[in-house]
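Okay, structure first, notes after.
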Amino acid sequence: TKVVLVTITPYREGGIGDGRSEYRIAVNNWVRQSGYQYIDVCKAVTNSNQNEWLPQYVNSDGVHPNKEGHKAIFDLIRVELPELFHV
């Protein structure tokens with residue numbers, strides 16, 4: 001068994017001061033500093049400050065990845081965990 005953590009992506013209503021944004025930032029910081037292997041999904045689909053989705057990757061709900069967002073996440077997982085894709 002191998003533990004692999006994943007960072008949390010933002011959501012439209014989760015701006016600074018919302019509480020959820022601070023929680024997401026705290027969780028992502030913990031994941032990045034945990035010592036476990038992790039996949040930084042948040043960094044892959046957000047702007048440079050990681051507070052907003054890049055528009056080409058998010059559905060109109062502001063929460064979930066669209067087709068291109070799923071592809072970006074898949075491509076990152078394929079690079080970070082290549083052992084999953086060896087047959």
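Residue numbering restarts at 1 in every chain; chains get A, B, ... in the order shown in the structure tokens, and ligands count up from 1 in that same order.
Counting only C-alpha atoms, region 26-43 of chain A has the following residues at most 8 Å away, ignoring those fewer than 2 positions along the same chain: Val3, Val4, Leu5, Val6, Thr7, Ile8, Thr9, Pro10, Glu22, Tyr23, Arg24, Val45, Thr46, Asn47, Ser48, Gln50, Ile73, Leu76, Ile77 and Glu80 of chain A.
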Gly69 (chain A) surroundings by only C-alpha atoms, 9 Å radius, close-in-sequence under 6 positions cut, as a list in words: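 Skipping anything fewer than 6 positions along the chain leaves Ala44, Val45, Leu54, Gln56, Tyr57, Val58 and Asn59 of chain A.
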Could you pull out the strand (DSSP E or B) residues of chain A, going by DSSP on the backbone, and write them as a count of residues only? 10
Separation of CA of Leu84 (chain A) and CA of Asn66 (chain A), in Å?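 Computed distance, CA of Leu84 (chain A) to CA of Asn66 (chain A), equals 22.9 Å.
Here CA of Phe85 (chain A) is placed at a distance of 27.0 Å from CA of Trp53 (chain A).
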In Å, how far is it from CA of Thr1 (chain A) to CA of Arg78 (chain A)? 18.4 Å
Name the residues of chain A that come out as helix (DSSP H, G or I) in a backbone DSSP run; write them as a PyMOL selection string. chain A and resi 20-33+41-45+55-57+67-80+82-85
